[in-house]
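Asks: The structure is given below, and queries will be raised subsequently.
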Amino acid sequence: MTSSTATTTQALDGASIDGSLYGDVTDFAEHTHWLNGTVLAYTTYGVALFAVFMLVGWWIARRKDASVMAAALAVPFAVVIAYLANSGIKTVFTEPRPCRALPHDFLIEKCPPIDDYAFPSNHTTVAAAAAAALFLINWRLGAIASLAALLMAASRVYVGAHYPHDVLAALVVGAVVALAVTWAARRFATPLVVRMRGGALAPLLTATA
């Protein structure tokens, strides 16, 4: 009993931060049933879109110098590292999902298990990490991916999975981690890419004339 009480006391109380704003968004979702299915599909499967963006980034980098290709190859690693960092933050704050703290609010996405915490949002972190890293490859691609990441963040609140501060924090975590990892790749992995471009992997790392 004592341990359970302590855990509850230490957990981040998301509802007290912006629970009313969360309620405004879910009220909007309740009155836009025509949009519910589309947003649910995007929030569930939209992460796959960022894999497509990464492939496009690699394709663009084939025509760029070795430092850009180094960044392109680092994007998946940046996304994974950002996800792991975000998951670690979740275990520190252990914020209950809004569907548990505010059970009477409108909900589209099924409420996850009790140990699946809300702060920050993993979906949003992955999207933000991919978008931020892609800016170091091609700014237009990065801008398109950033718009998709913002839509992912908004969708997580719309379906009732997260509070607004969950997705805002996730945008920051994803962007900061991904930029650091991708910048490091450009700085330190470029010589390796130069060597690989002269070997058997050349067709994958450079565009043919």
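Convention: chains lettered A, B, ... in structure tokens order; per-chain residue numbering from 1; ligands numbered from 1 as shown.
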Hey, what's within 7 Å of segment 123-137 of chain A if we count only C-alpha atoms and toss same-chain stuff fewer than 3 positions away? As a PyMOL selection string, please?
Replies: chain A and resi 47+50+57+61+68+71-72+75+78-79+82-83+141-142+145-146+149+152-153+167+170-171+173-175+178-179+182
Asks: Skip Arg195 of chain A itself and residues of its chain fewer than 5 positions away, then list as a list in words all residues within 12 Å of it, counting only C-alpha atoms.
Replies: Ala66, Ala70, Ala189, Thr190, Ala200, Leu201, Ala202, Leu205 and Thr206 of chain A
Asks: In terms of the shortest atom-to-atom distance over only C-alpha atoms, which of A:Leu107, A:Val172, A:Val92, A:Ile81 is closest to Asp27 of chain A?
Replies: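 Using only C-alpha atoms, the shortest distance to Asp27 of chain A belongs to A:Leu107.
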Asks: Which of these residues is nearest to Gly14 of chain A, using only C-alpha atoms: A:Cys99, A:Ala143, A:Met196, A:Leu40?
Replies: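 Smallest separation from Gly14 of chain A among the options: A:Cys99.
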Asks: Rounded to one decimal place, report the atom CA of Lys110 of chain A-atom CA of Arg97 of chain A distance in Å.
Replies: 11.1 Å
Asks: Which residue is closest to Pro96 of chain A? Choose from A:Val159, A:Leu168, A:Ile114, A:Ala74 and count only C-alpha atoms.
Replies: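 Checking each of A:Val159, A:Leu168, A:Ile114, A:Ala74 against Pro96 of chain A, counting only C-alpha atoms, the winner is A:Ile114.
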Asks: Rank A:Pro191, A:Gly19, A:Ala161, A:Leu49 by their smallest atom-to-atom distance to Leu147 of chain A, using only C-alpha atoms, and report the top residue only.
Replies: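 Distance minimum relative to Leu147 of chain A lands on A:Leu49.
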Asks: Which residue gives the smallest distance to Ser87 of chain A among A:Pro120, A:Pro112, A:Gly23, A:Pro164, with only C-alpha atoms counted?
Replies: A:Pro120
Asks: Please, which residues of chain A, numbered as in this document, come out alpha helix (DSSP H) from DSSP, as a ChimeraX atom specification?
Replies: /A:2-10,14-30,33-45,47-61,66-93,98-101,122-135,139-158,164-188,190-197,202-205
